[in-house]
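Chemist: See entry16.csv below, with CSV, C-alpha atoms and all ligand atoms.
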chain,number,residue,atom,x,y,z
A,1,MET,CA,-1.7,-24.2,16.9
A,2,ASN,CA,-4.5,-22.0,18.2
A,3,ARG,CA,-4.0,-19.0,16.0
A,4,PRO,CA,-6.4,-18.5,13.1
A,5,THR,CA,-4.9,-18.7,9.6
A,6,LEU,CA,-5.4,-15.7,7.3
A,7,ILE,CA,-7.8,-17.7,5.2
A,8,GLU,CA,-9.9,-18.7,8.2
A,9,HIS,CA,-9.9,-15.1,9.3
A,10,ILE,CA,-11.0,-13.8,5.9
A,11,LEU,CA,-13.8,-16.4,5.7
A,12,LEU,CA,-15.1,-15.8,9.2
A,13,SER,CA,-15.0,-12.0,8.8
A,14,GLN,CA,-16.6,-12.0,5.4
A,15,HIS,CA,-19.1,-14.6,6.3
A,16,SER,CA,-20.5,-12.3,9.0
A,17,ALA,CA,-20.8,-9.3,6.6
A,18,PRO,CA,-24.2,-8.5,5.2
A,19,ARG,CA,-24.9,-9.8,1.7
A,20,ALA,CA,-21.5,-11.5,1.6
A,21,SER,CA,-21.1,-13.6,-1.5
A,22,GLY,CA,-17.7,-15.0,-0.8
A,23,LYS,CA,-16.2,-13.2,-3.9
A,24,LEU,CA,-14.2,-10.7,-1.8
A,25,SER,CA,-12.9,-13.5,0.3
A,26,ARG,CA,-11.6,-15.2,-2.8
A,27,ILE,CA,-9.9,-12.0,-4.0
A,28,LEU,CA,-8.1,-11.7,-0.6
A,29,ALA,CA,-7.1,-15.3,-0.7
A,30,ARG,CA,-5.6,-14.8,-4.2
A,31,LEU,CA,-3.7,-11.7,-2.8
A,32,SER,CA,-2.3,-13.8,-0.1
A,33,LEU,CA,-1.2,-16.4,-2.7
A,34,ALA,CA,0.5,-13.6,-4.7
A,35,GLY,CA,2.3,-12.5,-1.5
A,36,ARG,CA,3.6,-16.0,-0.8
A,37,MET,CA,4.8,-16.4,-4.4
A,38,ILE,CA,6.6,-13.0,-4.4
A,39,SER,CA,8.1,-13.6,-1.0
A,40,ASN,CA,9.6,-16.9,-2.3
A,41,ARG,CA,10.8,-15.2,-5.4
A,42,ILE,CA,12.6,-12.5,-3.4
A,43,LEU,CA,14.3,-15.2,-1.3
A,44,ASN,CA,15.8,-16.9,-4.3
A,45,ALA,CA,16.3,-13.9,-6.6
A,46,GLY,CA,20.0,-13.6,-5.7
A,47,PHE,CA,20.7,-17.2,-6.9
A,48,LEU,CA,18.6,-17.0,-10.0
A,49,GLY,CA,20.1,-13.8,-11.4
A,50,GLU,CA,16.9,-11.8,-10.8
A,51,HIS,CA,18.5,-8.8,-9.1
A,52,GLY,CA,19.2,-5.6,-11.1
A,53,ASP,CA,17.2,-3.6,-13.6
A,54,THR,CA,15.7,-4.6,-16.9
A,55,GLY,CA,17.1,-1.7,-18.8
A,56,ASN,CA,13.6,-0.3,-19.3
A,57,VAL,CA,12.0,2.8,-17.8
A,58,ASN,CA,8.3,2.8,-16.8
A,59,ILE,CA,5.7,5.5,-17.6
A,60,GLN,CA,6.6,7.2,-14.3
A,61,GLY,CA,10.2,7.6,-15.4
A,62,GLU,CA,11.6,5.0,-13.0
A,63,ASP,CA,14.1,2.2,-13.9
A,64,VAL,CA,12.2,-1.1,-14.0
A,65,GLN,CA,13.8,-3.9,-11.9
A,66,LYS,CA,13.6,-7.5,-13.0
A,67,LEU,CA,11.7,-8.3,-9.8
A,68,ASP,CA,9.2,-5.5,-10.5
A,69,VAL,CA,8.3,-7.4,-13.7
A,70,LEU,CA,8.2,-10.8,-12.0
A,71,ALA,CA,6.0,-9.5,-9.2
A,72,ASN,CA,3.6,-7.8,-11.6
A,73,ASP,CA,3.3,-11.1,-13.6
A,74,ILE,CA,2.5,-12.9,-10.4
A,75,PHE,CA,-0.4,-10.5,-9.6
A,76,ILE,CA,-1.8,-10.9,-13.1
A,77,ARG,CA,-1.6,-14.7,-12.9
A,78,ALA,CA,-3.1,-14.7,-9.4
A,79,PHE,CA,-6.4,-13.3,-10.7
A,80,ASP,CA,-6.5,-15.2,-14.0
A,81,SER,CA,-9.0,-17.6,-12.6
A,82,ALA,CA,-10.6,-15.3,-10.0
A,83,TYR,CA,-13.6,-14.4,-12.1
A,84,SER,CA,-14.8,-11.8,-9.7
A,85,VAL,CA,-11.9,-9.5,-10.8
A,86,CYS,CA,-12.4,-8.0,-14.2
A,87,GLY,CA,-9.4,-5.8,-14.4
A,88,LEU,CA,-6.2,-4.6,-12.8
A,89,GLY,CA,-4.3,-1.3,-12.4
A,90,SER,CA,-0.6,-1.5,-11.6
A,91,GLU,CA,2.4,0.8,-11.1
A,92,GLU,CA,4.1,-1.3,-13.6
A,93,MET,CA,1.5,-1.1,-16.4
A,94,ASP,CA,0.9,2.1,-18.3
A,95,ASP,CA,-2.8,1.4,-18.8
A,96,ILE,CA,-5.4,-0.6,-17.0
A,97,TYR,CA,-5.3,-4.3,-17.7
A,98,LEU,CA,-8.5,-6.0,-18.6
A,99,TYR,CA,-8.8,-9.8,-18.6
A,100,PRO,CA,-9.7,-11.0,-22.2
A,101,ASP,CA,-13.1,-12.1,-21.0
A,102,SER,CA,-13.6,-8.9,-18.9
A,103,THR,CA,-17.1,-8.4,-20.2
A,104,HIS,CA,-18.3,-11.6,-18.6
A,105,ARG,CA,-16.2,-11.3,-15.4
A,106,GLY,CA,-17.2,-10.0,-12.0
A,107,GLU,CA,-17.7,-6.8,-10.2
A,108,TYR,CA,-14.3,-6.0,-8.7
A,109,VAL,CA,-11.1,-4.2,-9.9
A,110,VAL,CA,-7.7,-4.5,-8.1
A,111,LEU,CA,-5.1,-1.8,-8.0
A,112,PHE,CA,-1.6,-2.6,-6.8
A,113,ASP,CA,2.1,-1.7,-6.5
A,114,PRO,CA,3.6,-5.2,-7.1
A,115,LEU,CA,7.0,-4.4,-5.6
A,116,ASP,CA,7.2,-1.3,-3.5
A,117,GLY,CA,10.6,0.0,-2.4
A,118,SER,CA,12.4,-1.5,-5.3
A,119,GLY,CA,15.5,0.6,-4.5
A,120,ASN,CA,16.0,-2.0,-1.7
A,121,ILE,CA,16.1,-5.1,-3.9
A,122,ASP,CA,19.9,-5.3,-4.4
A,123,ILE,CA,20.8,-4.6,-0.8
A,124,ASN,CA,18.5,-7.2,0.8
A,125,GLY,CA,16.4,-4.5,2.3
A,126,SER,CA,12.7,-4.6,3.1
A,127,LEU,CA,10.2,-4.6,0.2
A,128,GLY,CA,6.5,-4.7,-0.1
A,129,SER,CA,3.4,-5.1,-2.2
A,130,ILE,CA,0.4,-2.8,-1.7
A,131,PHE,CA,-3.2,-3.4,-2.9
A,132,SER,CA,-6.6,-1.7,-3.1
A,133,VAL,CA,-9.9,-3.3,-4.1
A,134,HIS,CA,-12.9,-1.4,-5.5
A,135,SER,CA,-16.3,-2.5,-6.7
A,136,ARG,CA,-16.9,-1.9,-10.3
A,137,VAL,CA,-19.1,1.2,-11.1
A,138,SER,CA,-19.5,0.9,-14.9
A,139,ASP,CA,-22.7,-1.1,-15.5
A,140,SER,CA,-22.3,-3.0,-18.7
A,141,GLY,CA,-19.7,-4.4,-21.1
A,142,ALA,CA,-16.0,-4.4,-20.4
A,143,ALA,CA,-14.7,-2.6,-17.3
A,144,ASP,CA,-13.2,0.9,-18.0
A,145,LEU,CA,-11.1,3.6,-16.4
A,146,THR,CA,-14.0,4.9,-14.3
A,147,ASP,CA,-13.9,1.7,-12.3
A,148,PHE,CA,-10.4,2.4,-11.2
A,149,MET,CA,-10.6,6.2,-10.7
A,150,GLN,CA,-12.6,6.1,-7.5
A,151,PRO,CA,-11.8,8.0,-4.3
A,152,GLY,CA,-10.1,5.9,-1.6
A,153,ARG,CA,-13.2,6.2,0.6
A,154,THR,CA,-15.0,3.7,-1.6
A,155,GLN,CA,-12.3,1.0,-1.3
A,156,VAL,CA,-13.9,-2.3,-0.2
A,157,ALA,CA,-10.5,-3.8,0.9
A,158,ALA,CA,-6.9,-2.6,1.2
A,159,GLY,CA,-3.7,-3.8,2.6
A,160,TYR,CA,-0.1,-4.6,2.0
A,161,ILE,CA,2.4,-7.4,2.3
A,162,LEU,CA,5.8,-6.6,3.9
A,163,TYR,CA,8.8,-8.7,2.8
A,164,GLY,CA,11.1,-8.1,5.7
A,165,PRO,CA,13.0,-10.6,7.9
A,166,ALA,CA,9.5,-12.1,8.1
A,167,THR,CA,6.7,-11.8,5.6
A,168,VAL,CA,3.6,-10.0,7.0
A,169,PHE,CA,0.1,-9.6,5.4
A,170,VAL,CA,-1.9,-6.6,6.8
A,171,TYR,CA,-5.4,-5.9,5.6
A,172,THR,CA,-8.8,-4.5,6.3
A,173,ALA,CA,-12.0,-5.3,4.3
A,174,GLY,CA,-15.7,-4.6,4.5
A,175,HIS,CA,-17.5,-1.9,6.5
A,176,GLU,CA,-16.2,-0.7,9.8
A,177,ALA,CA,-13.7,-3.6,9.9
A,178,THR,CA,-10.6,-3.7,12.0
A,179,VAL,CA,-7.0,-4.0,10.7
A,180,ASN,CA,-5.3,-7.3,11.3
A,181,GLY,CA,-1.8,-8.6,10.6
A,182,PHE,CA,-0.6,-12.2,9.8
A,183,THR,CA,2.9,-13.6,9.7
A,184,LEU,CA,4.0,-16.2,7.2
A,185,ASP,CA,5.2,-19.5,8.6
A,186,ARG,CA,7.6,-20.2,5.7
A,187,SER,CA,8.0,-23.9,6.6
A,188,ILE,CA,4.4,-24.6,5.7
A,189,GLY,CA,3.5,-21.6,3.6
A,190,GLU,CA,0.7,-20.4,5.8
A,191,PHE,CA,-0.1,-16.9,7.3
A,192,PHE,CA,-1.2,-16.9,11.0
A,193,LEU,CA,-2.8,-14.1,12.9
A,194,THR,CA,-0.1,-12.3,14.9
A,195,HIS,CA,-1.3,-8.7,15.1
A,196,GLU,CA,-5.0,-8.6,16.0
A,197,ASP,CA,-7.1,-5.4,15.8
A,198,ILE,CA,-4.1,-3.1,15.3
A,199,ARG,CA,-4.4,0.4,16.7
A,200,ILE,CA,-1.8,3.1,15.9
A,201,PRO,CA,-0.3,4.4,19.2
A,202,ASP,CA,-0.6,8.2,19.7
A,203,SER,CA,2.0,10.5,21.3
A,204,ARG,CA,5.0,8.4,20.5
A,205,GLY,CA,7.0,6.8,17.7
A,206,SER,CA,9.1,8.1,14.8
A,207,TYR,CA,9.0,10.6,12.0
A,208,SER,CA,10.0,9.1,8.6
A,209,VAL,CA,11.0,11.3,5.7
A,210,ASN,CA,13.7,11.6,3.1
A,211,GLU,CA,15.5,14.6,4.5
A,212,SER,CA,17.9,14.9,1.5
A,213,ASN,CA,14.9,16.6,-0.2
A,214,GLU,CA,15.1,19.5,2.2
A,215,PRO,CA,16.6,22.0,-0.2
A,216,LYS,CA,13.6,21.5,-2.5
A,217,TRP,CA,10.9,21.8,0.2
A,218,SER,CA,8.8,24.9,0.7
A,219,GLU,CA,9.7,27.0,3.9
A,220,ASP,CA,6.6,25.7,5.8
A,221,VAL,CA,7.6,22.0,5.1
A,222,LYS,CA,11.2,22.8,6.2
A,223,THR,CA,9.9,24.3,9.4
A,224,LEU,CA,7.6,21.4,10.0
A,225,VAL,CA,10.2,18.7,9.5
A,226,LYS,CA,12.7,20.7,11.6
A,227,SER,CA,10.3,20.7,14.5
A,228,PHE,CA,10.2,16.8,14.4
A,229,ARG,CA,14.0,16.7,14.0
A,230,THR,CA,14.7,19.0,16.9
A,231,GLY,CA,12.0,17.5,19.2
A,232,THR,CA,10.1,20.8,19.3
A,233,ALA,CA,6.9,19.6,17.6
A,234,SER,CA,3.9,20.2,19.9
A,235,VAL,CA,3.1,16.4,19.7
A,236,GLY,CA,6.3,15.5,21.4
A,237,LYS,CA,9.7,14.0,20.6
A,238,ARG,CA,10.0,11.6,17.6
A,239,SER,CA,13.0,9.6,16.6
A,240,ALA,CA,14.1,9.5,12.9
A,241,ARG,CA,13.6,6.3,10.9
A,242,TYR,CA,13.6,5.9,7.1
A,243,THR,CA,14.1,2.7,5.1
A,244,GLY,CA,13.2,4.0,1.6
A,245,ALA,CA,10.3,1.5,1.3
A,246,LEU,CA,6.9,2.9,2.0
A,247,VAL,CA,5.5,-0.5,3.2
A,248,ALA,CA,8.3,-0.9,5.8
A,249,ASP,CA,8.2,2.7,7.0
A,250,PHE,CA,4.4,2.6,7.2
A,251,HIS,CA,4.3,-0.7,9.0
A,252,ARG,CA,6.7,0.6,11.7
A,253,THR,CA,4.5,3.8,12.0
A,254,LEU,CA,1.4,1.6,12.3
A,255,LEU,CA,2.8,-0.5,15.1
A,256,GLN,CA,4.8,2.1,17.0
A,257,GLY,CA,3.2,5.4,16.2
A,258,GLY,CA,4.5,8.7,14.7
A,259,ILE,CA,4.3,9.9,11.1
A,260,PHE,CA,5.4,9.1,7.6
A,261,LEU,CA,5.8,12.1,5.3
A,262,TYR,CA,6.4,12.4,1.6
A,263,PRO,CA,5.7,16.1,0.9
A,264,GLY,CA,5.7,17.7,-2.5
A,265,HIS,CA,8.8,19.7,-3.5
A,266,SER,CA,10.0,22.1,-6.2
A,267,GLU,CA,10.7,19.3,-8.7
A,268,ARG,CA,7.7,17.2,-7.8
A,269,PRO,CA,4.9,19.5,-6.5
A,270,ARG,CA,2.6,16.5,-5.9
A,271,GLY,CA,5.3,14.4,-4.3
A,272,LYS,CA,6.4,10.9,-5.4
A,273,LEU,CA,3.8,8.4,-4.1
A,274,ARG,CA,0.9,7.3,-6.2
A,275,LEU,CA,-2.6,8.0,-5.0
A,276,LEU,CA,-4.5,5.0,-6.2
A,277,TYR,CA,-2.2,2.1,-5.2
A,278,GLU,CA,0.1,3.6,-2.6
A,279,ALA,CA,-1.5,6.4,-0.6
A,280,ASN,CA,-5.1,5.2,-0.6
A,281,PRO,CA,-4.5,1.7,0.8
A,282,MET,CA,-2.2,3.1,3.5
A,283,ALA,CA,-4.8,5.8,4.3
A,284,MET,CA,-7.6,3.3,4.7
A,285,ILE,CA,-5.5,1.1,7.0
A,286,ALA,CA,-4.4,4.2,9.0
A,287,GLU,CA,-7.9,5.5,9.5
A,288,ARG,CA,-9.3,2.0,10.4
A,289,ALA,CA,-6.5,1.7,13.0
A,290,GLY,CA,-7.4,5.0,14.6
A,291,GLY,CA,-4.8,7.1,12.7
A,292,ALA,CA,-5.2,9.6,9.8
A,293,ALA,CA,-3.8,10.4,6.4
A,294,SER,CA,-3.8,13.7,4.4
A,295,ASP,CA,-2.2,15.4,1.5
A,296,GLY,CA,-1.6,18.4,3.9
A,297,LYS,CA,-5.1,19.8,3.3
A,298,ILE,CA,-7.6,17.1,2.5
A,299,PRO,CA,-8.0,13.6,3.9
A,300,THR,CA,-6.2,11.3,1.4
A,301,LEU,CA,-9.4,9.1,1.1
A,302,ASP,CA,-11.4,12.1,-0.1
A,303,LEU,CA,-9.1,13.1,-2.9
A,304,VAL,CA,-10.8,12.6,-6.3
A,305,PRO,CA,-8.4,10.9,-8.8
A,306,THR,CA,-7.9,12.4,-12.2
A,307,GLU,CA,-5.3,10.1,-13.6
A,308,LEU,CA,-4.4,6.4,-13.1
A,309,HIS,CA,-0.8,7.1,-12.0
A,310,GLU,CA,-1.3,10.4,-10.3
A,311,ARG,CA,0.8,11.3,-7.3
A,312,CYS,CA,-0.1,13.1,-4.1
A,313,PRO,CA,1.8,14.4,-1.0
A,314,LEU,CA,1.3,12.0,1.8
A,315,TYR,CA,1.3,12.5,5.6
A,316,VAL,CA,0.1,9.4,7.3
A,317,GLY,CA,0.3,8.0,10.9
A,318,SER,CA,-0.9,8.8,14.4
A,319,LYS,CA,-4.0,11.0,14.4
A,320,SER,CA,-2.4,13.8,16.5
A,321,ASP,CA,0.7,13.9,14.4
A,322,VAL,CA,-1.3,14.2,11.2
A,323,GLU,CA,-3.4,16.9,12.8
A,324,TYR,CA,-0.3,18.7,13.9
A,325,VAL,CA,1.0,18.6,10.3
A,326,ILE,CA,-2.2,20.0,8.8
A,327,ASP,CA,-2.2,22.8,11.4
A,328,SER,CA,1.4,23.6,10.7
A,329,LEU,CA,1.0,23.7,7.0
A,330,ASN,CA,-2.2,25.7,7.0
A,331,THR,CA,-1.6,28.5,9.5
A,401,LIG,P1,10.8,3.0,-4.7
A,401,LIG,O1,10.9,4.1,-5.6
A,401,LIG,O2,12.2,2.5,-4.3
A,401,LIG,O3,9.9,1.9,-5.2
A,401,LIG,O4,7.0,3.8,-4.3
A,401,LIG,C1,8.1,4.6,-4.3
A,401,LIG,C2,9.1,4.4,-3.2
A,401,LIG,O5,10.1,3.5,-3.4
A,401,LIG,C3,8.5,4.2,-1.8
A,401,LIG,O6,8.4,2.8,-1.4
A,401,LIG,C4,9.4,4.9,-0.9
A,401,LIG,O7,8.8,5.4,0.3
A,401,LIG,C5,9.8,6.1,-1.7
A,401,LIG,O8,9.6,5.7,-3.1
A,401,LIG,C6,11.3,6.4,-1.6
A,401,LIG,O9,11.6,7.5,-2.3
A,401,LIG,P2,12.9,8.4,-2.1
A,401,LIG,O10,14.1,7.5,-2.6
A,401,LIG,O11,12.7,9.6,-2.9
A,401,LIG,O12,13.0,8.6,-0.6
Show how you would write the structure in this file as structure tokens.
Ligand code: FDP
Modeler:
Amino acid sequence: MNRPTLIEHILLSQHSAPRASGKLSRILARLSLAGRMISNRILNAGFLGEHGDTGNVNIQGEDVQKLDVLANDIFIRAFDSAYSVCGLGSEEMDDIYLYPDSTHRGEYVVLFDPLDGSGNIDINGSLGSIFSVHSRVSDSGAADLTDFMQPGRTQVAAGYILYGPATVFVYTAGHEATVNGFTLDRSIGEFFLTHEDIRIPDSRGSYSVNESNEPKWSEDVKTLVKSFRTGTASVGKRSARYTGALVADFHRTLLQGGIFLYPGHSERPRGKLRLLYEANPMAMIAERAGGAASDGKIPTLDLVPTELHERCPLYVGSKSDVEYVIDSLNT
């Protein structure tokens, strides 16, 4: 077996980083553990009666699924003994979560969507987890909201875990780092490097959007999406693909090119996706892989957050496709 494992890759890359302390490596290792545990839980959920919803609605007005709660608990437990993480922000928690001994804990916070695409749970469709790691900015005492409300540009690591036919861990960490993907060998519970230095192809691929929202879009968004649908976009022909899980749709876009779009519409002017733990991690991966991400005007990574669970329109994918979108929406 001559492929590096995920842990070897993390240790080697972080070891060569200036002033590396090993703490970020430990956080990434714990994220991979959470991914393996959630992947296993999803495999067995049908037998264990863990499909379906809990009957509760989260702060975002969405039905909470049983697996959403289980995945969220796995993330909390994963960092219980990782003392470099002082707090968490999650789609499934109204407020930030601070570990009881947060005052004495380390200098990082982790934001995550524990189970993205939860509409796919009951149909055995693809799901994902998304994560974003920031250095703490508050200087004393317990961590606070300011540690979480940082622009995506300051993320020190970001990535996702795709639970599809295979489980894949994609991440980037540190300065000027590449994007790499690792596939889980379920028989031994180990991730191996399968996608080295991923670069988003340009001038090909798919467009990915929920077209049933068309009646609620502005005229310029309708015209834009129509140009992709009819093959008249200046960037060339794109096929249509949409799974309903951001991680799966983004992963395809990352590997094959094109664009993922979730525009705002009349009922949700800022779209559906959350800036801090959905858009920002994908934007960091996209930029590092040679692509781009924008809210239609501003690069996603430069948006200044004002709320923990705030949403933003998202256009992410191949660089020329995102540039085409920005041109189309602003002329
Ligand atoms: P879901 O609500 O099923 O968790 O994060 C939200 C998300 O899925 C994304 O994964 C997905 O891209 C999007 O919502 C799908 O929303 P629509 O059903 O409105 O298309």
Chemist: Which residue is closest to Gly125 in chain A? Choose from A:Ile74, A:Leu273, A:Ala233, A:Leu162 and count only C-alpha atoms.
Modeler: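 Closest residue, counting only C-alpha atoms: A:Leu162.
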Chemist: Which residues are close to Thr223 in chain A, i.e. within 10 Å by all atoms listed in the file, leaving aside same-chain residues fewer than 4 positions away? Reply as a PyMOL selection string.
Modeler: chain A and resi 217-219+227-229+233+328-329
Chemist: Where does chain A meet ligand LIG 401 (chain A) within 7 Å, residue by residue, with the nearest atom pair and distance in Å to one decimal for each, counting all atoms listed in the file, listed by chain and rising number, as a Markdown table?
Modeler:
| residue | atom | partner | partner_atom | distance |
| --- | --- | --- | --- | --- |
| A:Leu115 | CA | A:LIG401 | O3 | 6.9 |
| A:Asp116 | CA | A:LIG401 | O3 | 4.5 |
| A:Gly117 | CA | A:LIG401 | O3 | 3.5 |
| A:Ser118 | CA | A:LIG401 | O2 | 4.1 |
| A:Gly119 | CA | A:LIG401 | O2 | 3.8 |
| A:Asn120 | CA | A:LIG401 | O2 | 6.4 |
| A:Asn210 | CA | A:LIG401 | O12 | 4.8 |
| A:Gly244 | CA | A:LIG401 | C6 | 4.4 |
| A:Ala245 | CA | A:LIG401 | O6 | 3.5 |
| A:Leu246 | CA | A:LIG401 | O7 | 3.6 |
| A:Val247 | CA | A:LIG401 | O6 | 6.4 |
| A:Lys272 | CA | A:LIG401 | O8 | 6.5 |
| A:Leu273 | CA | A:LIG401 | O4 | 5.6 |
Chemist: Just how far from CA of Glu190 in chain A is CA of Gly87 in chain A, in Å to one decimal?
Modeler: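 Result for CA of Gly87 in chain A versus CA of Glu190 in chain A: 26.9 Å, one decimal.
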Chemist: How many Å lie between CA of Asp94 in chain A and CA of Leu303 in chain A, rounded to one decimal?
Modeler: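 So the answer is 21.4 Å.
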Chemist: May I ask for the distance between CA of Ile259 in chain A and CA of Val325 in chain A, given in Å to one decimal place?
Modeler: 9.3 Å
Chemist: From the list A:Arg311, A:Arg204, A:Arg153, A:Arg41, which residue is nearest Ser132 in chain A when using all atoms listed in the file?
Modeler: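 Of the candidates, the smallest distance to Ser132 in chain A is held by A:Arg153.
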Chemist: Taking all atoms listed in the file into account, name the residue in A:Ile10, A:Pro114, A:Val109, A:Phe169 that is nearest to Asp144 in chain A.
Modeler: A:Val109
Chemist: List as a PyMOL selection string: which residues have an atom within 9 Å of (12.9, 12.6, 15.3), counting all atoms listed in the file?
Modeler: chain A and resi 205-208+225-231+237-241
Chemist: What's the 10 Å shell around Ser81 in chain A, counting all atoms listed in the file, without same-chain residues fewer than 5 positions away, as a PyMOL selection string?
Modeler: chain A and resi 30+76+99+105
Chemist: Using only C-alpha atoms for the distances, tell me which of A:Leu184, A:Ala283, A:Val133, A:Ala177 is nearest to Asn40 in chain A.
Modeler: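 Selected residue with least distance to Asn40 in chain A: A:Leu184.
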Chemist: Only C-alpha atoms, as a tab-separated table (two decimals), in the first residue's frame: that is what I want for range 256-302 of chain A.
Modeler:
chain	number	residue	atom	x	y	z
A	256	GLN	CA	-15.55	17.88	-13.17
A	257	GLY	CA	-15.98	21.66	-13.42
A	258	GLY	CA	-18.95	23.96	-13.89
A	259	ILE	CA	-20.91	25.81	-11.26
A	260	PHE	CA	-23.14	25.31	-8.24
A	261	LEU	CA	-25.71	28.08	-7.71
A	262	TYR	CA	-28.03	28.82	-4.81
A	263	PRO	CA	-29.30	32.36	-5.56
A	264	GLY	CA	-31.51	34.42	-3.30
A	265	HIS	CA	-35.18	34.60	-4.22
A	266	SER	CA	-38.33	36.52	-3.26
A	267	GLU	CA	-38.96	34.41	-0.13
A	268	ARG	CA	-35.27	34.11	0.85
A	269	PRO	CA	-33.39	37.17	-0.44
A	270	ARG	CA	-30.10	35.84	0.99
A	271	GLY	CA	-30.66	32.32	-0.30
A	272	LYS	CA	-30.62	29.18	1.83
A	273	LEU	CA	-27.02	28.27	2.51
A	274	ARG	CA	-25.24	29.38	5.65
A	275	LEU	CA	-22.17	31.57	5.29
A	276	LEU	CA	-20.02	30.35	8.16
A	277	TYR	CA	-20.24	26.57	7.88
A	278	GLU	CA	-21.47	25.93	4.33
A	279	ALA	CA	-20.42	28.70	1.93
A	280	ASN	CA	-17.06	29.66	3.47
A	281	PRO	CA	-15.52	26.16	3.62
A	282	MET	CA	-16.59	25.46	0.02
A	283	ALA	CA	-15.28	28.86	-1.08
A	284	MET	CA	-11.87	28.22	0.49
A	285	ILE	CA	-11.63	24.80	-1.18
A	286	ALA	CA	-12.76	26.28	-4.52
A	287	GLU	CA	-10.24	29.15	-4.46
A	288	ARG	CA	-7.38	26.88	-3.41
A	289	ALA	CA	-8.29	24.52	-6.28
A	290	GLY	CA	-8.14	27.37	-8.82
A	291	GLY	CA	-11.87	28.13	-8.85
A	292	ALA	CA	-13.91	30.95	-7.33
A	293	ALA	CA	-16.91	31.65	-5.10
A	294	SER	CA	-19.10	34.72	-4.82
A	295	ASP	CA	-22.44	35.93	-3.50
A	296	GLY	CA	-22.99	37.50	-6.95
A	297	LYS	CA	-21.02	40.65	-6.08
A	298	ILE	CA	-18.36	39.98	-3.45
A	299	PRO	CA	-16.03	36.98	-3.12
A	300	THR	CA	-17.63	34.74	-0.49
A	301	LEU	CA	-14.42	34.72	1.58
A	302	ASP	CA	-14.57	38.53	1.94
